[in-house]
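Enquirer: Take a look at the following structure, please.
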Amino acid sequence: MKKDIHPEYHKNAKVVCACGSEFLAGSTQKELRIELCSACHPFYTGKQKLVDTARRVEKFQERVAKKVAKKHVSKRVKLATKKAAKKVKLEKEK
């Protein structure tokens, strides 16, 4: 095996998160800067955190809202046409 090819391992490397949380971990680097840690990750905190630059989530929610609204409108229209048909049928019988 070749000698001196492996990086130096630091048992107490400092890890700094974007949320401000700091802790120690083993790494080949002395200091690590990360974006998410267990203190701010949505899976561990239970908070929903959406990072959406293309408005994909809002567009999806708008489409779903339109479909739901369309369903309700179509039911109303069906009921109104049935009522109108009944009215016409009753008027013809008289």
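Identifiers in the structure tokens: chain A, B, ... in order shown; residue index from 1 per chain; ligand index from 1 in order shown.
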Quick one: everything within 12 Å of A:His6, counting only C-alpha atoms, minus sequence neighbours fewer than 4 positions away in the same chain. Send it as a PyMOL selection string.
Expert: chain A and resi 1-2+28
Enquirer: Include C-alpha atoms and write out the residues we just selected as a PDB file, in the first residue's frame.
Expert:
```pdb
ATOM      1  CA  MET A   1       0.000   0.000   0.000  1.00  0.00           C
ATOM      2  CA  LYS A   2       1.111   3.527  -0.660  1.00  0.00           C
ATOM      3  CA  THR A  28     -11.570  14.982   6.975  1.00  0.00           C
TER       4      THR A  28
END
```
Enquirer: DSSP on the backbone, strand (DSSP E or B) only: what residues of stretch 31-60 of chain A does that give? Format it as a PyMOL selection string.
Expert: chain A and resi 31-34
Enquirer: So which residues of chain A fall under alpha helix (DSSP H) by DSSP, listed as a ChimeraX atom specification?
Expert: /A:42-45,56-93
Enquirer: Filtering to C-alpha atoms, could you give me those residues as a PDB file, in the first residue's frame?
Expert:
```
ATOM      1  CA  PRO A  42     -38.451  19.848   8.229  1.00  0.00           C
ATOM      2  CA  PHE A  43     -38.443  16.070   8.794  1.00  0.00           C
ATOM      3  CA  TYR A  44     -37.136  16.457  12.344  1.00  0.00           C
ATOM      4  CA  THR A  45     -38.917  19.697  13.286  1.00  0.00           C
ATOM      5  CA  ARG A  56     -44.414  24.950  -8.897  1.00  0.00           C
ATOM      6  CA  VAL A  57     -46.199  24.404  -5.592  1.00  0.00           C
ATOM      7  CA  GLU A  58     -48.482  27.432  -6.016  1.00  0.00           C
ATOM      8  CA  LYS A  59     -49.287  26.457  -9.601  1.00  0.00           C
ATOM      9  CA  PHE A  60     -50.211  22.946  -8.486  1.00  0.00           C
ATOM     10  CA  GLN A  61     -52.405  24.288  -5.671  1.00  0.00           C
ATOM     11  CA  GLU A  62     -54.152  26.639  -8.124  1.00  0.00           C
ATOM     12  CA  ARG A  63     -54.858  23.760 -10.531  1.00  0.00           C
ATOM     13  CA  VAL A  64     -56.290  21.631  -7.754  1.00  0.00           C
ATOM     14  CA  ALA A  65     -58.449  24.520  -6.537  1.00  0.00           C
ATOM     15  CA  LYS A  66     -59.801  25.050 -10.067  1.00  0.00           C
ATOM     16  CA  LYS A  67     -60.691  21.364 -10.416  1.00  0.00           C
ATOM     17  CA  VAL A  68     -62.487  21.361  -7.065  1.00  0.00           C
ATOM     18  CA  ALA A  69     -64.359  24.555  -7.949  1.00  0.00           C
ATOM     19  CA  LYS A  70     -65.294  23.119 -11.345  1.00  0.00           C
ATOM     20  CA  LYS A  71     -66.699  19.980  -9.685  1.00  0.00           C
ATOM     21  CA  HIS A  72     -68.869  22.048  -7.366  1.00  0.00           C
ATOM     22  CA  VAL A  73     -70.094  24.242 -10.196  1.00  0.00           C
ATOM     23  CA  SER A  74     -70.960  21.265 -12.361  1.00  0.00           C
ATOM     24  CA  LYS A  75     -72.978  19.713  -9.535  1.00  0.00           C
ATOM     25  CA  ARG A  76     -74.855  22.975  -9.061  1.00  0.00           C
ATOM     26  CA  VAL A  77     -75.553  23.205 -12.780  1.00  0.00           C
ATOM     27  CA  LYS A  78     -76.835  19.618 -12.872  1.00  0.00           C
ATOM     28  CA  LEU A  79     -79.143  20.260  -9.930  1.00  0.00           C
ATOM     29  CA  ALA A  80     -80.409  23.487 -11.485  1.00  0.00           C
ATOM     30  CA  THR A  81     -81.156  21.803 -14.813  1.00  0.00           C
ATOM     31  CA  LYS A  82     -82.998  18.968 -13.055  1.00  0.00           C
ATOM     32  CA  LYS A  83     -85.115  21.462 -11.130  1.00  0.00           C
ATOM     33  CA  ALA A  84     -85.844  23.399 -14.299  1.00  0.00           C
ATOM     34  CA  ALA A  85     -86.836  20.201 -16.111  1.00  0.00           C
ATOM     35  CA  LYS A  86     -89.196  19.264 -13.283  1.00  0.00           C
ATOM     36  CA  LYS A  87     -90.746  22.752 -13.408  1.00  0.00           C
ATOM     37  CA  VAL A  88     -91.317  22.494 -17.142  1.00  0.00           C
ATOM     38  CA  LYS A  89     -92.769  19.024 -16.776  1.00  0.00           C
ATOM     39  CA  LEU A  90     -95.178  20.225 -14.053  1.00  0.00           C
ATOM     40  CA  GLU A  91     -96.256  23.215 -16.158  1.00  0.00           C
ATOM     41  CA  LYS A  92     -96.969  20.981 -19.157  1.00  0.00           C
ATOM     42  CA  GLU A  93     -99.123  18.700 -17.013  1.00  0.00           C
TER      43      GLU A  93
END
```
Enquirer: What is the distance between atom CA of A:Gly46 and atom CA of A:Ala13, in Å to one decimal?
Expert: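 Pair atom CA of A:Gly46 / atom CA of A:Ala13 returns 27.8 Å.
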Enquirer: Quick one: residues within 8 Å of stretch 31-37 of chain A, only C-alpha atoms, excluding same-chain residues fewer than 6 positions away - as an MDAnalysis selection string?
Expert: chainID A and resid 13:19 21
Enquirer: One decimal, in Å: what's the spacing between atom CA of A:Arg55 and atom CA of A:Gly20?
Expert: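 Atom-to-atom, atom CA of A:Arg55 and atom CA of A:Gly20 are spaced 27.6 Å apart.
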Enquirer: Report the distance between atom CA of A:Cys40 and atom CA of A:Asn12 in Å, rounded to one decimal place.
Expert: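 Computing the Euclidean distance for atom CA of A:Cys40 and atom CA of A:Asn12 yields 21.6 Å.
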